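Visitor: Can you read through this structure? Questions will come right after.
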Amino acid sequence: FFFPLPAPQHHPSTMMRTPVLVLAGAAAVSAFAPAANLAGLRTSSTRAAIARGPQMQEMSEAIPFMPKPANIDSSMPGYAGFDPLGFTDYYSAKWMQEAEIKHGRVCMLAALGMVFPEFAKFPQFASFSTNPLEAFYQVSPAGWGQIFLFIGVLETFSYEKSFYNFEGGAPGALGFDPLRMSSNPASAKQYAAAEVRNGRLAMIGFSGMLHHAIVSKQGPITQIVEQNFYPK
């Protein structure tokens, strides 16, 4: 004899538990896989941002709000990072160094010549005025000939190096060092920087004394002693 078994009855709580467990498992699986992908995405994005990100531009030491000149560096004597007009972008930096050193040397001699006659004169120049502008026109033709000859000799020695042999030596080096002050490399570097800085000061100083001579018609020392600061 067979007796029919009763149909299984599912408790309502059991029926609700099954889909909840399925959803929880799916959520657990999906929680781990996307996390790895997201981490990789963040890492790659960060690396890309670093690679493409803006770099800080190096600024000039002399003028902090302007970019550092690209064609000059601290190995140059008297370096200050100063080239606001960008001359070294269009002309050779060594050519500009050569010109600066040469003008500095000329102005150091000129500044001395502006002041020295007010303290002493050679006998043949005793009648010359202490006003540099008047003394300029008191030089004889023979004197001007000697000046131009001396300048020509110096330019002859520097011409070939300046135009054809820039790589052969430091700018301004003419092989003239009778006191052997550059025999020590450390001292030579210090003296080279001092020459450039003193030359820059002399260019400014000579320009100022020349302007004062035009205004006061006197030499610089006489003008200061007499406090003559007004045009005549």
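Labeling convention for the structure tokens: chains A, B, ... as they appear, residues from 1 per chain, ligands from 1 in order of appearance.
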Pick out the residues sitting within 7 Å of stretch 58-73 of chain A, and hand them over as a PyMOL selection string; count only C-alpha atoms, and ignore anything fewer than 2 positions along from it in its own chain.
Guide: chain A and resi 56+75-76+79-83+88-89+93
Visitor: Export C-alpha atoms of the chosen residues as a compact mmCIF listing (two decimals), in the first residue's frame?
Guide:
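After the write, out-v9.txt holds the following:
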```txt
# COMPACT_ATOMS: atom_id res chain seq x y z
CA MET A 56 58.00 74.90 -12.52
CA SER A 75 80.13 79.06 -14.99
CA MET A 76 80.52 82.50 -16.60
CA TYR A 79 77.14 85.62 -13.70
CA ALA A 80 73.96 87.12 -12.23
CA GLY A 81 71.24 85.67 -14.47
CA PHE A 82 70.65 89.11 -15.98
CA ASP A 83 69.59 89.35 -19.61
CA THR A 88 71.98 86.00 -25.79
CA ASP A 89 68.98 84.57 -27.64
CA ALA A 93 77.00 84.43 -25.38
```
Visitor: Excluding stretch 194-196 of chain A and its own-chain neighbours fewer than 2 positions away, which residues fall within 9 Å of it when counting only C-alpha atoms? Please give them as an NGL selection string.
Guide: :A and (77-78 or 100-101 or 104-105 or 189-192 or 198-201)
Visitor: For C-alpha atoms, I'd like the residues from the last selection saved as a tab-separated table (two decimals), in the first residue's frame.
Guide:
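New file again-v6.tsv:
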```tsv
chain	number	residue	atom	x	y	z
A	77	PRO	CA	82.53	85.13	-14.66
A	78	GLY	CA	80.25	87.68	-13.01
A	100	GLU	CA	81.39	93.31	-21.98
A	101	ILE	CA	84.91	92.61	-20.73
A	104	GLY	CA	84.64	97.26	-18.92
A	105	ARG	CA	88.41	97.52	-19.29
A	189	LYS	CA	88.26	82.40	-11.27
A	190	GLN	CA	87.94	84.97	-8.48
A	191	TYR	CA	89.90	87.62	-10.40
A	192	ALA	CA	87.88	87.01	-13.56
A	198	ASN	CA	84.47	96.24	-11.58
A	199	GLY	CA	84.10	96.76	-15.32
A	200	ARG	CA	80.31	97.01	-14.97
A	201	LEU	CA	80.71	99.54	-12.16
```
Visitor: Figure out the distance between atom CA of A:Ala213 and atom CA of A:Phe229, please, to one decimal in Å.
Guide: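 Interatomic distance, atom CA of A:Phe229 to atom CA of A:Ala213: 10.3 Å.
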Visitor: Out of A:Val215, A:Ile221, A:Leu154, A:Ala193, which residue has the shortest atom-to-atom distance to A:Ser74 when counting only C-alpha atoms?
Guide: A:Ala193
